[in-house]
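Chemist: This one is final17.cif, mmCIF, C-alpha atoms.
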```
data_query
#
loop_
_atom_site.label_atom_id
_atom_site.label_comp_id
_atom_site.auth_asym_id
_atom_site.auth_seq_id
_atom_site.Cartn_x
_atom_site.Cartn_y
_atom_site.Cartn_z
CA MET A 34 22.95 257.45 169.73
CA LYS A 35 21.23 254.43 168.20
CA ILE A 36 19.67 253.32 164.93
CA VAL A 37 16.76 250.88 165.13
CA ILE A 38 16.53 248.12 162.52
CA ASP A 39 13.45 245.96 162.00
CA THR A 40 15.08 242.74 160.76
CA LEU A 41 11.83 241.03 159.70
CA GLY A 42 9.60 241.64 156.66
CA SER A 43 12.47 241.60 154.17
CA ASP A 44 11.70 238.66 151.85
CA ASP A 45 14.01 236.27 153.73
CA LYS A 46 16.95 238.68 153.55
CA LEU A 47 17.80 238.50 157.27
CA ASN A 48 21.40 237.44 156.67
CA GLU A 49 21.88 240.31 154.22
CA ILE A 50 20.60 242.73 156.88
CA LEU A 51 22.94 241.31 159.50
CA ASP A 52 25.90 241.40 157.11
CA GLY A 53 24.99 245.02 156.44
CA VAL A 54 24.97 245.70 160.19
CA ILE A 55 28.46 244.21 160.46
CA ASP A 56 29.66 246.54 157.70
CA ALA A 57 27.86 249.51 159.27
CA LEU A 58 29.46 248.91 162.66
CA ASN A 59 32.86 249.02 160.99
CA MET A 60 31.83 252.16 159.08
CA VAL A 61 30.61 254.29 162.00
CA ASN A 62 31.98 254.56 165.53
CA ASN A 63 29.58 256.91 167.28
CA TYR A 64 26.31 255.10 166.53
CA ASP A 65 25.14 251.74 167.84
CA PHE A 66 22.24 249.57 166.71
CA VAL A 67 18.98 248.19 168.08
CA LEU A 68 18.03 245.01 166.23
CA VAL A 69 14.43 243.85 166.47
CA GLY A 70 13.74 240.23 165.50
CA ASP A 71 14.74 236.69 166.42
CA SER A 72 17.25 237.55 169.15
CA ASN A 73 18.69 234.01 169.44
CA TYR A 74 19.40 233.77 165.72
CA ILE A 75 20.81 237.30 165.59
CA THR A 76 23.13 236.66 168.55
CA ASN A 77 24.44 233.40 167.09
CA TYR A 78 24.98 234.98 163.66
CA LEU A 79 26.81 238.06 164.94
CA ASP A 80 28.80 236.34 167.69
CA LYS A 81 32.55 236.86 167.27
CA LYS A 82 31.91 239.00 164.16
CA VAL A 83 31.13 242.25 165.97
CA ASP A 84 31.28 243.82 169.42
CA LEU A 85 27.93 242.68 170.83
CA ASN A 86 28.11 245.53 173.36
CA ARG A 87 27.17 247.81 170.46
CA ILE A 88 24.03 245.78 169.76
CA GLU A 89 20.76 246.04 171.70
CA LEU A 90 18.35 243.19 170.99
CA ILE A 91 14.56 243.25 171.15
CA ASN A 92 13.00 239.87 170.53
CA ALA A 93 10.16 239.62 168.00
CA ASN A 94 9.06 236.64 165.93
CA THR A 95 6.10 238.08 164.06
CA GLU A 96 6.62 240.14 160.93
CA VAL A 97 4.45 242.57 159.04
CA ASP A 98 4.33 241.34 155.44
CA ASP A 99 2.55 242.42 152.26
CA SER A 100 -0.65 240.61 153.27
CA THR A 101 -0.98 242.50 156.58
CA ASN A 102 -3.83 245.00 156.72
CA PRO A 103 -2.44 248.41 157.79
CA MET A 104 -5.60 248.98 159.85
CA GLY A 105 -4.30 246.20 162.07
CA MET A 106 -1.83 248.76 163.39
CA LEU A 107 -4.77 250.13 165.36
CA ARG A 108 -5.64 246.82 166.98
CA ASP A 109 -3.59 243.66 167.01
CA LEU A 110 0.00 244.12 165.80
CA ASP A 111 1.71 245.05 169.07
CA ASP A 112 3.81 241.87 169.06
CA THR A 113 5.22 242.46 165.58
CA ALA A 114 8.79 243.54 164.94
CA LEU A 115 7.54 246.70 163.23
CA VAL A 116 5.49 247.97 166.18
CA LYS A 117 8.24 247.08 168.66
CA SER A 118 10.68 248.96 166.42
CA LEU A 119 8.45 252.03 166.26
CA LYS A 120 7.99 252.06 170.02
CA ARG A 121 11.76 251.83 170.53
CA LEU A 122 12.25 254.64 168.02
CA LYS A 123 10.23 257.00 170.21
CA GLU A 124 12.92 256.89 172.90
CA SER A 125 15.34 259.81 173.01
CA ASP A 126 18.53 257.92 172.12
CA ALA A 127 17.17 256.60 168.80
CA ILE A 128 17.72 258.77 165.71
CA GLY A 129 15.86 256.69 163.13
CA LEU A 130 14.39 253.38 162.00
CA ILE A 131 15.26 251.16 159.06
CA THR A 132 12.54 248.70 158.02
CA SER A 133 11.47 246.57 155.07
CA SER A 134 7.96 245.93 156.38
CA ASN A 135 4.71 246.55 154.50
CA THR A 136 4.69 250.17 153.30
CA GLY A 137 1.07 250.73 154.31
CA CYS A 138 1.73 249.49 157.84
CA VAL A 139 4.86 251.63 158.17
CA PHE A 140 2.83 254.60 156.92
CA VAL A 141 0.03 254.12 159.46
CA GLY A 142 2.41 253.12 162.24
CA SER A 143 4.62 256.16 161.73
CA ILE A 144 1.66 258.47 162.27
CA MET A 145 0.32 256.50 165.26
CA HIS A 146 3.54 255.87 167.15
CA ILE A 147 5.91 258.64 166.02
CA GLY A 148 3.53 261.43 165.00
CA LEU A 149 3.80 264.28 162.51
CA VAL A 150 6.08 267.26 163.10
CA ASN A 151 3.22 269.75 163.11
CA LYS A 152 -0.57 269.86 163.01
CA LYS A 153 -0.71 271.37 159.53
CA LEU A 154 0.73 268.23 157.97
CA MET A 155 -2.01 265.82 156.92
CA THR A 156 0.31 262.97 155.99
CA PRO A 157 3.98 262.06 155.68
CA VAL A 158 5.38 261.69 152.17
CA LEU A 159 7.48 258.77 150.97
CA CYS A 160 10.46 259.91 148.92
CA CYS A 161 13.39 258.21 147.25
CA LEU A 162 16.32 259.22 145.06
CA ILE A 163 16.52 258.38 141.37
CA LYS A 164 19.41 259.20 139.01
CA SER A 165 19.29 261.53 136.03
CA ASP A 166 21.29 260.84 132.87
CA LYS A 167 23.98 263.09 134.36
CA TYR A 168 24.10 260.91 137.52
CA LYS A 169 22.40 263.69 139.45
CA ASP A 170 20.07 262.67 142.27
CA ILE A 171 16.38 263.55 141.89
CA CYS A 172 14.13 263.30 144.92
CA LEU A 173 10.89 261.56 143.89
CA ALA A 174 8.02 262.47 146.22
CA ASP A 175 5.70 260.60 146.68
CA CYS A 176 7.02 257.23 145.48
CA GLY A 177 4.35 254.90 146.81
CA ALA A 178 2.61 255.79 150.07
CA ASN A 179 -0.08 258.35 149.23
CA ILE A 180 -2.64 257.77 146.49
CA ASN A 181 -5.57 260.02 145.54
CA SER A 182 -3.56 263.08 146.61
CA THR A 183 -5.05 266.58 146.53
CA SER A 184 -3.41 269.69 145.10
CA GLU A 185 -2.66 270.79 148.66
CA ASN A 186 -1.04 267.42 149.38
CA LEU A 187 1.26 267.81 146.37
CA LEU A 188 2.32 271.25 147.59
CA THR A 189 3.18 269.73 150.99
CA TYR A 190 5.18 266.94 149.32
CA ALA A 191 7.13 269.61 147.47
CA LYS A 192 7.89 271.54 150.67
CA LEU A 193 9.07 268.44 152.52
CA ALA A 194 11.19 267.20 149.61
CA ASN A 195 12.62 270.69 149.16
CA ALA A 196 13.77 270.71 152.82
CA PHE A 197 15.15 267.18 152.39
CA VAL A 198 17.28 268.13 149.37
CA MET A 199 18.50 271.29 151.10
CA SER A 200 19.55 269.23 154.14
CA TYR A 201 20.99 266.20 152.41
CA PHE A 202 22.70 267.78 149.40
CA ASN A 203 23.22 271.32 150.76
CA VAL A 204 21.38 272.81 147.76
CA ASP A 205 20.22 276.38 148.41
CA ARG A 206 17.27 276.56 145.99
CA PRO A 207 16.24 273.09 144.80
CA LYS A 208 14.49 273.04 141.44
CA ILE A 209 10.98 271.57 141.80
CA GLY A 210 9.15 269.84 138.93
CA LEU A 211 5.57 268.53 138.85
CA LEU A 212 4.87 265.29 136.98
CA SER A 213 2.22 265.84 134.32
CA ASN A 214 1.20 264.73 130.83
CA GLY A 215 2.56 267.93 129.28
CA SER A 216 4.92 270.78 130.05
CA SER A 217 2.26 273.49 129.73
CA ASP A 218 0.66 274.78 132.93
CA LYS A 219 -2.71 273.96 131.33
CA LYS A 220 -1.91 270.24 131.12
CA GLY A 221 -3.03 267.64 133.67
CA ASP A 222 -6.23 266.93 135.56
CA ASN A 223 -7.77 269.34 138.07
CA VAL A 224 -5.45 268.12 140.86
CA ILE A 225 -2.32 268.73 138.76
CA LYS A 226 -3.58 272.11 137.54
CA GLY A 227 -4.38 273.10 141.12
CA ALA A 228 -0.98 271.96 142.35
CA ASN A 229 0.71 273.85 139.55
CA LYS A 230 -1.05 277.04 140.63
CA LEU A 231 -0.16 276.53 144.30
CA LEU A 232 3.47 275.84 143.44
CA ARG A 233 3.62 278.94 141.23
CA GLU A 234 2.31 281.02 144.14
CA SER A 235 4.70 279.48 146.69
CA ASN A 236 8.23 280.60 147.51
CA LEU A 237 9.63 277.34 146.16
CA ASN A 238 11.84 277.28 143.07
CA PHE A 239 9.15 275.71 140.88
CA VAL A 240 10.29 275.20 137.26
CA GLY A 241 7.01 273.82 135.90
CA ASN A 242 5.48 270.59 134.72
CA ILE A 243 7.72 267.67 133.75
CA GLU A 244 6.64 264.99 131.28
CA ALA A 245 7.61 261.39 132.01
CA ASN A 246 9.96 261.17 129.02
CA ASN A 247 11.92 264.15 130.34
CA ILE A 248 12.37 263.07 133.96
CA PHE A 249 15.84 261.62 133.56
CA ASN A 250 17.25 264.31 131.28
CA SER A 251 15.89 267.23 133.29
CA ASP A 252 17.85 269.45 135.68
CA ILE A 253 15.33 269.23 138.54
CA ASP A 254 16.16 268.32 142.13
CA VAL A 255 12.63 267.26 143.14
CA LEU A 256 9.86 265.57 141.17
CA VAL A 257 6.45 265.92 142.85
CA THR A 258 3.72 263.41 142.12
CA ASP A 259 0.95 261.28 143.56
CA GLY A 260 2.16 258.08 145.20
CA MET A 261 0.54 255.84 142.60
CA LEU A 262 2.23 257.57 139.67
CA GLY A 263 5.47 257.93 141.59
CA ASN A 264 5.62 254.22 142.23
CA VAL A 265 4.96 253.55 138.55
CA VAL A 266 7.84 255.88 137.63
CA LEU A 267 10.15 254.10 140.08
CA LYS A 268 9.26 250.56 139.06
CA ASN A 269 9.15 251.39 135.35
CA SER A 270 12.65 252.91 135.45
CA GLU A 271 13.96 249.72 137.03
CA GLY A 272 12.15 247.59 134.46
CA VAL A 273 13.48 249.63 131.53
CA ALA A 274 17.00 249.44 132.95
CA LYS A 275 16.78 245.64 133.19
CA THR A 276 15.42 245.42 129.63
CA ILE A 277 18.29 247.54 128.30
CA MET A 278 20.78 245.32 130.13
CA LYS A 279 19.35 242.25 128.36
CA LEU A 280 19.33 243.95 124.97
CA ILE A 281 22.87 245.33 124.97
CA ASN A 282 24.49 242.42 126.86
CA ASN A 283 27.58 244.47 127.71
CA GLU A 284 29.23 243.67 131.04
CA GLU A 285 30.65 247.14 131.74
CA ALA A 286 27.42 248.91 130.76
CA ASN A 287 25.39 246.48 132.83
CA LYS A 288 27.50 247.25 135.92
CA ILE A 289 26.82 250.98 135.50
CA ILE A 290 23.09 250.47 134.96
CA THR A 291 22.85 248.13 137.95
CA LYS A 292 24.74 250.58 140.17
CA TYR A 293 22.49 253.52 139.40
CA TYR A 294 19.08 252.06 138.51
CA ASP A 295 18.68 248.72 140.31
CA TYR A 296 16.25 249.43 143.15
CA SER A 297 18.17 247.32 145.68
CA ASN A 298 21.20 249.57 145.16
CA LEU A 299 19.33 252.85 145.58
CA GLY A 300 19.50 252.62 149.37
CA CYS A 301 16.02 253.34 150.59
CA SER A 302 13.00 255.57 150.64
CA PHE A 303 12.33 257.99 153.50
CA PHE A 304 9.09 258.97 155.18
CA LEU A 305 9.27 262.75 155.53
CA GLY A 306 7.13 264.64 158.01
CA THR A 307 7.33 262.41 161.08
CA ASN A 308 9.06 263.35 164.34
CA LYS A 309 11.83 260.79 163.75
CA MET A 310 13.40 259.62 160.49
CA ILE A 311 12.01 256.37 159.08
CA ALA A 312 13.79 254.64 156.20
CA LYS A 313 11.87 252.10 154.12
CA ASN A 314 13.95 249.49 152.30
CA HIS A 315 12.75 247.34 149.43
CA GLY A 316 12.26 243.67 150.32
CA THR A 317 14.96 242.64 147.83
CA LEU A 318 17.72 244.49 149.66
CA SER A 319 21.40 243.59 149.85
CA ARG A 320 24.01 244.15 152.56
CA SER A 321 25.13 247.30 150.72
CA THR A 322 21.56 248.61 150.96
CA ILE A 323 21.88 248.61 154.75
CA THR A 324 25.18 250.49 154.83
CA SER A 325 23.90 253.01 152.27
CA THR A 326 20.73 253.55 154.29
CA VAL A 327 22.66 253.95 157.56
CA SER A 328 24.92 256.52 155.95
CA ARG A 329 22.00 258.52 154.55
CA LEU A 330 20.07 258.40 157.79
CA ILE A 331 23.05 259.70 159.77
CA THR A 332 23.65 262.51 157.25
CA ILE A 333 20.02 263.65 157.46
CA TYR A 334 20.05 263.49 161.25
CA GLU A 335 23.32 265.39 161.60
CA ASN A 336 22.05 268.08 159.21
CA ASP A 337 19.08 268.58 161.59
CA PHE A 338 16.42 267.94 158.96
CA ILE A 339 13.55 267.46 161.44
CA SER A 340 13.92 270.94 162.91
CA LYS A 341 13.88 272.41 159.41
CA ILE A 342 10.39 271.09 158.66
CA LYS A 343 8.73 272.04 161.97
CA ASP A 344 7.12 275.13 160.43
CA ILE A 345 6.18 273.73 157.01
#
```
Can the structure from this file be put into C-alpha cells for me?

Modeler:
Amino acid sequence: MKIVIDTLGSDDKLNEILDGVIDALNMVNNYDFVLVGDSNYITNYLDKKVDLNRIELINANTEVDDSTNPMGMLRDLDDTALVKSLKRLKESDAIGLITSSNTGCVFVGSIMHIGLVNKKLMTPVLCCLIKSDKYKDICLADCGANINSTSENLLTYAKLANAFVMSYFNVDRPKIGLLSNGSSDKKGDNVIKGANKLLRESNLNFVGNIEANNIFNSDIDVLVTDGMLGNVVLKNSEGVAKTIMKLINNEEANKIITKYYDYSNLGCSFFLGTNKMIAKNHGTLSRSTITSTVSRLITIYENDFISKIKDI
C-alpha cells in the first residue's frame, strides 16, 4: 500500500519533507510512497539515501499556495501538485494523502476528487489534536476549514470526531465538549444553543459547554466548534505557549512547551468524512512532522476508520 505526499505548497520546506520521507521509509516496511513534485530534484536528493524502488514519482511544478482561489479547483488547477496528488489518491493502492497546500483548496478538492463517505454529510471537518495540561490529547473539530457552521454541522463534526477518537485512541465513549462563552446550556448564540440541544438528544457522550479558559484543564476527548473559532483556539494556544517561553526563559521548560504546543510538532490536521484519509500539514513543518503524520495516518487506516463513519 502507498501513501501520497504533495511535496509542494510547504513554505519552501521541500528538503524537510524529503528528510521526513527518508525517516518514514526506515520506520515502516509495508508502506511505500508516492511523491508529487519536481521529480528531478526529488530523485537527486534521495539518490543513495533510500531504496528508490519504494518511491513512485509524479512530476508537478505548480503548487497551490495561500493566494490560490479554491474555486480554481473547478477549472484550471489540473496541473498542480495538489490535484495530481488527489487523483493518485483515488487509486486503490493509496491509503491517504499528506499535503501542506492551501486549506481551502484541499477542502474543495477533497470533495470533488475523493468524495464524502455518505450523502448525509454536507462537508468534511478538519480536526487536529491539542494537549491538555495532563498531556491528554483533545480532538479539536473544526480547526479551520468550515466557517459559518450550523447547529446541524456542529453535530456532524462531533460524530466524526467521536469516531476518530474511538479509532485512533481506542476510547469507548469519548467525552464531547462544545465551545461556548459559558458552561450553562443557555449560553452561546442560536447556533451554539441549537447544537447543545442536538448533542443532548444524541447518543454521544456529551458533557456540556466548555469555556475557552477551561479547554486545557478539562477532561474532554473532543472539542466541537466552528472552524473560525477553532482556528483561533489553535493559533492562540501556540502564541501563548511562545509568550510563556520568552517570559520564563527556562531551557527545560521550553523544550516541554515546544514538544507539546508548537504547531509544527503536533503532526497534522485530518479531514474527516472523505472516502480516503487526507492529512493537512502546516506550512512550517519539520522532518519530524512528516514521520508523525505518516504514523498517525497508518494507525487510522489500520483501525478501519473510514468504514466506521459510513453510516454517520

Chemist: In Å to one decimal, how far is CA of Leu231 in chain A from CA of Lys219 in chain A?

Modeler: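 Here the two named atoms are 13.5 Å from each other.
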
Chemist: Just to confirm, what's the straight-line distance from CA of Ile180 in chain A to CA of Gly263 in chain A in Å (one decimal)?

Modeler: 9.5 Å

Chemist: Evaluated on this file, the PyMOL selection byres ((chain A and resi 229) around 9) picks out some residues - which ones are they, written as a ChimeraX atom specification?

Modeler: /A:184,188,211,218-219,224-228,230-234,239,241-242

Chemist: Mind pulling up the distance from CA of Leu212 in chain A to CA of Phe338 in chain A?

Modeler: 25.0 Å

Chemist: Could you pull the residues within 8 Å of Ser319 in chain A, counting only C-alpha atoms, minus those fewer than 2 positions along the same chain, as a PyMOL selection string?

Modeler: chain A and resi 46+49-50+53+297-298+317+321-323

Chemist: Got a sec to resolve the PyMOL selection byres ((chain A and resi 134) around 8) on this structure and send the residues as a list in words?

Modeler: Asp39, Leu41, Gly42, Ser43, Glu96, Val97, Asp98, Asp99, Leu115, Thr132, Ser133, Asn135, Thr136, Cys138, Val139, Lys313 and Gly316 of chain A

Chemist: Residues around (27.4, 246.5, 162.9), cut-off 10 Å, counting all atoms listed in the file - what are they as a list in words?

Modeler: Ile50, Leu51, Asp52, Gly53, Val54, Ile55, Asp56, Ala57, Leu58, Asn59, Met60, Val61, Asn62, Tyr64, Asp65, Phe66, Leu79, Lys82, Val83, Asp84, Leu85, Arg87, Ile88 and Thr324 of chain A

Chemist: Assuming the input is short of atoms at range 49-61 of chain A, produce N, CA and C atoms for that part as a PDB file, in the coordinates of the input.

Modeler:
```
ATOM      1  N   GLU A  49      21.384 239.118 154.902  1.00  0.00           N
ATOM      2  CA  GLU A  49      21.880 240.310 154.220  1.00  0.00           C
ATOM      3  C   GLU A  49      21.822 241.523 155.153  1.00  0.00           C
ATOM      4  N   ILE A  50      20.729 241.624 155.919  1.00  0.00           N
ATOM      5  CA  ILE A  50      20.600 242.730 156.880  1.00  0.00           C
ATOM      6  C   ILE A  50      21.705 242.653 157.918  1.00  0.00           C
ATOM      7  N   LEU A  51      21.926 241.463 158.459  1.00  0.00           N
ATOM      8  CA  LEU A  51      22.940 241.310 159.500  1.00  0.00           C
ATOM      9  C   LEU A  51      24.345 241.538 158.959  1.00  0.00           C
ATOM     10  N   ASP A  52      24.611 241.103 157.728  1.00  0.00           N
ATOM     11  CA  ASP A  52      25.900 241.400 157.110  1.00  0.00           C
ATOM     12  C   ASP A  52      26.067 242.911 156.923  1.00  0.00           C
ATOM     13  N   GLY A  53      24.956 243.568 156.575  1.00  0.00           N
ATOM     14  CA  GLY A  53      24.990 245.020 156.440  1.00  0.00           C
ATOM     15  C   GLY A  53      25.262 245.706 157.766  1.00  0.00           C
ATOM     16  N   VAL A  54      24.719 245.158 158.846  1.00  0.00           N
ATOM     17  CA  VAL A  54      24.970 245.700 160.190  1.00  0.00           C
ATOM     18  C   VAL A  54      26.448 245.552 160.545  1.00  0.00           C
ATOM     19  N   ILE A  55      27.026 244.415 160.206  1.00  0.00           N
ATOM     20  CA  ILE A  55      28.460 244.210 160.460  1.00  0.00           C
ATOM     21  C   ILE A  55      29.275 245.283 159.741  1.00  0.00           C
ATOM     22  N   ASP A  56      28.950 245.519 158.468  1.00  0.00           N
ATOM     23  CA  ASP A  56      29.660 246.540 157.700  1.00  0.00           C
ATOM     24  C   ASP A  56      29.437 247.931 158.293  1.00  0.00           C
ATOM     25  N   ALA A  57      28.194 248.197 158.716  1.00  0.00           N
ATOM     26  CA  ALA A  57      27.860 249.510 159.270  1.00  0.00           C
ATOM     27  C   ALA A  57      28.594 249.779 160.577  1.00  0.00           C
ATOM     28  N   LEU A  58      28.738 248.753 161.405  1.00  0.00           N
ATOM     29  CA  LEU A  58      29.460 248.910 162.660  1.00  0.00           C
ATOM     30  C   LEU A  58      30.933 249.257 162.414  1.00  0.00           C
ATOM     31  N   ASN A  59      31.481 248.700 161.348  1.00  0.00           N
ATOM     32  CA  ASN A  59      32.860 249.020 160.990  1.00  0.00           C
ATOM     33  C   ASN A  59      32.972 250.415 160.357  1.00  0.00           C
ATOM     34  N   MET A  60      31.844 250.888 159.799  1.00  0.00           N
ATOM     35  CA  MET A  60      31.830 252.160 159.080  1.00  0.00           C
ATOM     36  C   MET A  60      31.664 253.355 160.018  1.00  0.00           C
ATOM     37  N   VAL A  61      30.871 253.182 161.081  1.00  0.00           N
ATOM     38  CA  VAL A  61      30.610 254.290 162.000  1.00  0.00           C
ATOM     39  C   VAL A  61      30.990 253.890 163.422  1.00  0.00           C
TER      40      VAL A  61
END
```
